[in-house]
Amino acid sequence: MTMAVEARIPTILRSYTGGEKAVTGEGATLQELFVDLDARYEGLRGRLVSEDGSLNRFVNVYLNDEDVRFLGGAETPLADGDVVTILPAVAGG
Amino acid sequence: MLRIRRDLHDAIVDHARRDHPDEACGVIAGPAGSDRPDRFVAMQNAERSPTFYRFDSMEQLRVWREMDDGDEEPVVIYHSHTATEAYPSRTDIGLAAEPAAHYVLVSTRDADTTEFRSFRIVDGVVEEEPVEVV
């Protein structure tokens with residue numbers, strides 16, 4: 001079963017999506033969605049997850065209204081019509 | 001150059017003083033494309049630390065959505081340094097992810113004078129800019 005999900009892309013990552021603010025992808029989990037998006041927007045996945053597939057510490061990913069860190073991280077399951085929002089963390093020292 | 005209203009400038013300084021010795025942080029939203037800071041939003045420092053800051057992720061989502069809905073953007077992103085100068089740290093530079101924003105740094109290391117400086121941080125390159133308080 002394929003899940004169509006909208007992913008909202010922050011300004012700093014729109015260089016990967018040809019300037020698009022929102023793109024559509026598919027996947028049963030967040031991880032699968034990132035792989036699917038990376039096939040069309042090469043390099044995007046590398047900005048979101050590390051080599052081992054875990055979420056980058058300074059990228060916030062939300063499924064609808066929840067931070068996926070409080071769900072299943074990169075393995076969070078997705079449902080048709082979900083909206084995934086990506087925001088770079090605002091952080092420093 | 002950063003042009004900023006006196007009340008917004010003072011709101012940043014007040015927040016930094018209030019949270020000292022922890023770092024304070026927040027944004028000033030403004031109409032998209034205007035480069036005009038207009039709406040002050042103090043954010044929680046989820047780290048509650050004298051050496052680090054990070055916006056609380058859920059608060060950030062809410063505030064970023066409000067800005068999106070109101071056709072605004074983060075014109076200013078500010079935080080304080082409480083023991084060092086008002087200049088971006090290596091961590092600040094490495095994590096800066098809003099190339100269009102003015103990064104305002106305030107230092108509260110001195111109890112009597114407050115340093116207030118503004119920077120552009122793009123692709124790891126820091127450029128200080130003049131601040132005009134109007």
# chains A, B, ... in the order shown; residues from 1 in each chain; ligands from 1
$ interface_residues --of "chain A" --to "chain B" --cutoff "6 Å" --atoms "only C-alpha atoms" --output "PyMOL selection string"
chain A and resi 90-93
$ residues_around --residues "range 28-34 of chain A" --least-positions-apart "6" --cutoff "6 Å" --atoms "only C-alpha atoms" --output "compact mmCIF listing (two decimals) with N, CA and C atoms, in the first residue's frame"
# COMPACT_ATOMS: atom_id res chain seq x y z
N ARG A 45 17.64 13.82 1.42
CA ARG A 45 17.64 12.85 2.53
C ARG A 45 18.87 13.02 3.43
N ALA A 74 12.52 8.27 12.86
CA ALA A 74 12.50 8.04 11.41
C ALA A 74 11.62 6.85 11.03
N GLU A 75 11.31 5.99 12.00
CA GLU A 75 10.47 4.82 11.71
C GLU A 75 8.98 5.10 11.95
N THR A 76 8.64 6.34 12.21
CA THR A 76 7.24 6.70 12.44
C THR A 76 6.39 6.31 11.22
N PRO A 77 5.32 5.55 11.45
CA PRO A 77 4.46 5.18 10.33
C PRO A 77 3.65 6.37 9.79
N LEU A 78 3.41 6.35 8.50
CA LEU A 78 2.65 7.42 7.85
C LEU A 78 1.33 6.88 7.33
$ select_by_dssp --residues "chain B" --states "strand (DSSP E or B)" --output "ChimeraX atom specification"
/B:2-4,25-31,39-43,45,53-55,72-81,102-107,115-122,125-129,131-133
$ write_last_selection --atoms "C-alpha atoms" --output "PDB file, in the first residue's frame"
ATOM      1  CA  LEU B   2      19.346  46.176  10.593  1.00  0.00           C
ATOM      2  CA  ARG B   3      16.748  48.882  11.222  1.00  0.00           C
ATOM      3  CA  ILE B   4      14.810  48.083  14.346  1.00  0.00           C
ATOM      4  CA  CYS B  25      16.221  33.492  22.537  1.00  0.00           C
ATOM      5  CA  GLY B  26      13.401  34.489  20.243  1.00  0.00           C
ATOM      6  CA  VAL B  27      12.357  35.962  16.922  1.00  0.00           C
ATOM      7  CA  ILE B  28      10.927  39.144  15.539  1.00  0.00           C
ATOM      8  CA  ALA B  29       8.546  38.402  12.728  1.00  0.00           C
ATOM      9  CA  GLY B  30       7.877  40.806   9.904  1.00  0.00           C
ATOM     10  CA  PRO B  31       5.991  40.874   6.619  1.00  0.00           C
ATOM     11  CA  ARG B  39       6.214  41.391  15.918  1.00  0.00           C
ATOM     12  CA  PHE B  40       8.231  40.358  18.962  1.00  0.00           C
ATOM     13  CA  VAL B  41       8.053  36.686  19.970  1.00  0.00           C
ATOM     14  CA  ALA B  42      10.078  35.580  22.997  1.00  0.00           C
ATOM     15  CA  MET B  43      10.793  31.861  22.761  1.00  0.00           C
ATOM     16  CA  ASN B  45      15.157  28.160  25.578  1.00  0.00           C
ATOM     17  CA  TYR B  53      20.036  27.656  23.348  1.00  0.00           C
ATOM     18  CA  ARG B  54      17.494  25.820  21.296  1.00  0.00           C
ATOM     19  CA  PHE B  55      13.932  26.783  20.471  1.00  0.00           C
ATOM     20  CA  GLU B  72       5.405  36.735   7.773  1.00  0.00           C
ATOM     21  CA  GLU B  73       8.950  35.475   8.139  1.00  0.00           C
ATOM     22  CA  PRO B  74      11.558  35.513  10.922  1.00  0.00           C
ATOM     23  CA  VAL B  75      13.264  38.839  10.126  1.00  0.00           C
ATOM     24  CA  VAL B  76      15.318  38.749  13.319  1.00  0.00           C
ATOM     25  CA  ILE B  77      16.499  35.690  15.248  1.00  0.00           C
ATOM     26  CA  TYR B  78      18.066  36.708  18.543  1.00  0.00           C
ATOM     27  CA  HIS B  79      19.818  35.079  21.443  1.00  0.00           C
ATOM     28  CA  SER B  80      22.020  36.165  24.292  1.00  0.00           C
ATOM     29  CA  HIS B  81      25.491  35.282  25.415  1.00  0.00           C
ATOM     30  CA  HIS B 102      19.338  39.108  10.875  1.00  0.00           C
ATOM     31  CA  TYR B 103      21.016  37.185  13.678  1.00  0.00           C
ATOM     32  CA  VAL B 104      21.016  39.476  16.688  1.00  0.00           C
ATOM     33  CA  LEU B 105      23.407  38.714  19.545  1.00  0.00           C
ATOM     34  CA  VAL B 106      23.130  40.388  22.912  1.00  0.00           C
ATOM     35  CA  SER B 107      25.676  40.025  25.669  1.00  0.00           C
ATOM     36  CA  GLU B 115      26.141  44.730  23.772  1.00  0.00           C
ATOM     37  CA  PHE B 116      23.642  44.502  20.902  1.00  0.00           C
ATOM     38  CA  ARG B 117      25.030  43.444  17.518  1.00  0.00           C
ATOM     39  CA  SER B 118      23.602  42.039  14.305  1.00  0.00           C
ATOM     40  CA  PHE B 119      25.010  39.572  11.783  1.00  0.00           C
ATOM     41  CA  ARG B 120      24.208  37.780   8.585  1.00  0.00           C
ATOM     42  CA  ILE B 121      25.239  34.139   8.657  1.00  0.00           C
ATOM     43  CA  VAL B 122      25.182  32.466   5.246  1.00  0.00           C
ATOM     44  CA  VAL B 125      30.251  33.005   6.668  1.00  0.00           C
ATOM     45  CA  VAL B 126      29.573  35.703   9.272  1.00  0.00           C
ATOM     46  CA  GLU B 127      29.150  39.324   8.305  1.00  0.00           C
ATOM     47  CA  GLU B 128      28.461  41.961  10.905  1.00  0.00           C
ATOM     48  CA  GLU B 129      26.119  44.762   9.927  1.00  0.00           C
ATOM     49  CA  VAL B 131      22.244  48.441  13.693  1.00  0.00           C
ATOM     50  CA  GLU B 132      20.030  51.501  13.469  1.00  0.00           C
ATOM     51  CA  VAL B 133      17.513  51.888  16.275  1.00  0.00           C
TER      52      VAL B 133
END
$ select_by_dssp --residues "chain A" --states "alpha helix (DSSP H)" --output "PyMOL selection string"
chain A and resi 30-40+44-48
$ write_last_selection --atoms "N, CA and C atoms" --output "PDB file, in the first residue's frame"
ATOM      1  N   LEU A  30       8.360   7.352   7.711  1.00  0.00           N
ATOM      2  CA  LEU A  30       9.117   8.560   7.405  1.00  0.00           C
ATOM      3  C   LEU A  30      10.382   8.212   6.612  1.00  0.00           C
ATOM      4  N   GLN A  31      11.065   7.157   7.068  1.00  0.00           N
ATOM      5  CA  GLN A  31      12.280   6.710   6.403  1.00  0.00           C
ATOM      6  C   GLN A  31      12.029   6.440   4.909  1.00  0.00           C
ATOM      7  N   GLU A  32      10.939   5.737   4.623  1.00  0.00           N
ATOM      8  CA  GLU A  32      10.602   5.423   3.229  1.00  0.00           C
ATOM      9  C   GLU A  32      10.260   6.686   2.452  1.00  0.00           C
ATOM     10  N   LEU A  33       9.580   7.609   3.121  1.00  0.00           N
ATOM     11  CA  LEU A  33       9.255   8.880   2.459  1.00  0.00           C
ATOM     12  C   LEU A  33      10.536   9.609   2.053  1.00  0.00           C
ATOM     13  N   PHE A  34      11.520   9.647   2.963  1.00  0.00           N
ATOM     14  CA  PHE A  34      12.772  10.346   2.654  1.00  0.00           C
ATOM     15  C   PHE A  34      13.489   9.691   1.477  1.00  0.00           C
ATOM     16  N   VAL A  35      13.466   8.359   1.422  1.00  0.00           N
ATOM     17  CA  VAL A  35      14.102   7.644   0.303  1.00  0.00           C
ATOM     18  C   VAL A  35      13.373   7.983  -0.995  1.00  0.00           C
ATOM     19  N   ASP A  36      12.047   7.988  -0.929  1.00  0.00           N
ATOM     20  CA  ASP A  36      11.242   8.313  -2.110  1.00  0.00           C
ATOM     21  C   ASP A  36      11.529   9.745  -2.587  1.00  0.00           C
ATOM     22  N   LEU A  37      11.572  10.684  -1.645  1.00  0.00           N
ATOM     23  CA  LEU A  37      11.828  12.080  -2.021  1.00  0.00           C
ATOM     24  C   LEU A  37      13.233  12.243  -2.594  1.00  0.00           C
ATOM     25  N   ASP A  38      14.185  11.501  -2.018  1.00  0.00           N
ATOM     26  CA  ASP A  38      15.569  11.633  -2.457  1.00  0.00           C
ATOM     27  C   ASP A  38      15.761  11.176  -3.901  1.00  0.00           C
ATOM     28  N   ALA A  39      14.875  10.283  -4.367  1.00  0.00           N
ATOM     29  CA  ALA A  39      14.962   9.825  -5.755  1.00  0.00           C
ATOM     30  C   ALA A  39      14.684  10.980  -6.723  1.00  0.00           C
ATOM     31  N   ARG A  40      13.852  11.907  -6.297  1.00  0.00           N
ATOM     32  CA  ARG A  40      13.544  13.061  -7.155  1.00  0.00           C
ATOM     33  C   ARG A  40      14.317  14.312  -6.748  1.00  0.00           C
ATOM     34  N   LEU A  44      18.480  15.592  -0.603  1.00  0.00           N
ATOM     35  CA  LEU A  44      17.585  16.038   0.470  1.00  0.00           C
ATOM     36  C   LEU A  44      17.673  15.120   1.685  1.00  0.00           C
ATOM     37  N   ARG A  45      17.644  13.816   1.423  1.00  0.00           N
ATOM     38  CA  ARG A  45      17.643  12.855   2.531  1.00  0.00           C
ATOM     39  C   ARG A  45      18.868  13.020   3.430  1.00  0.00           C
ATOM     40  N   GLY A  46      20.009  13.312   2.790  1.00  0.00           N
ATOM     41  CA  GLY A  46      21.242  13.459   3.548  1.00  0.00           C
ATOM     42  C   GLY A  46      21.224  14.640   4.504  1.00  0.00           C
ATOM     43  N   ARG A  47      20.309  15.576   4.275  1.00  0.00           N
ATOM     44  CA  ARG A  47      20.191  16.709   5.177  1.00  0.00           C
ATOM     45  C   ARG A  47      19.262  16.401   6.351  1.00  0.00           C
ATOM     46  N   LEU A  48      18.545  15.295   6.255  1.00  0.00           N
ATOM     47  CA  LEU A  48      17.515  14.984   7.257  1.00  0.00           C
ATOM     48  C   LEU A  48      17.921  13.855   8.191  1.00  0.00           C
TER      49      LEU A  48
END
$ closest_residue --among "B:Pro130, B:Ala111, B:Arg5, B:Ala32" --to "Asp68 in chain B" --atoms "only C-alpha atoms"
B:Ala32
$ residues_around --residues "Leu55 in chain A" --least-positions-apart "5" --cutoff "9 Å" --atoms "only C-alpha atoms" --output "count of residues only"
8
$ closest_residue --among "B:Ala24, B:Ala101, B:Ala86, B:Val63" --to "Ala11 in chain B" --atoms "only C-alpha atoms"
B:Ala24
$ atom_distance --atom1 "CA of Asp22 in chain B" --atom2 "CA of Val59 in chain A"
23.0 Å
$ atom_distance --atom1 "CA of Glu66 in chain A" --atom2 "CA of Gly18 in chain A"
26.8 Å
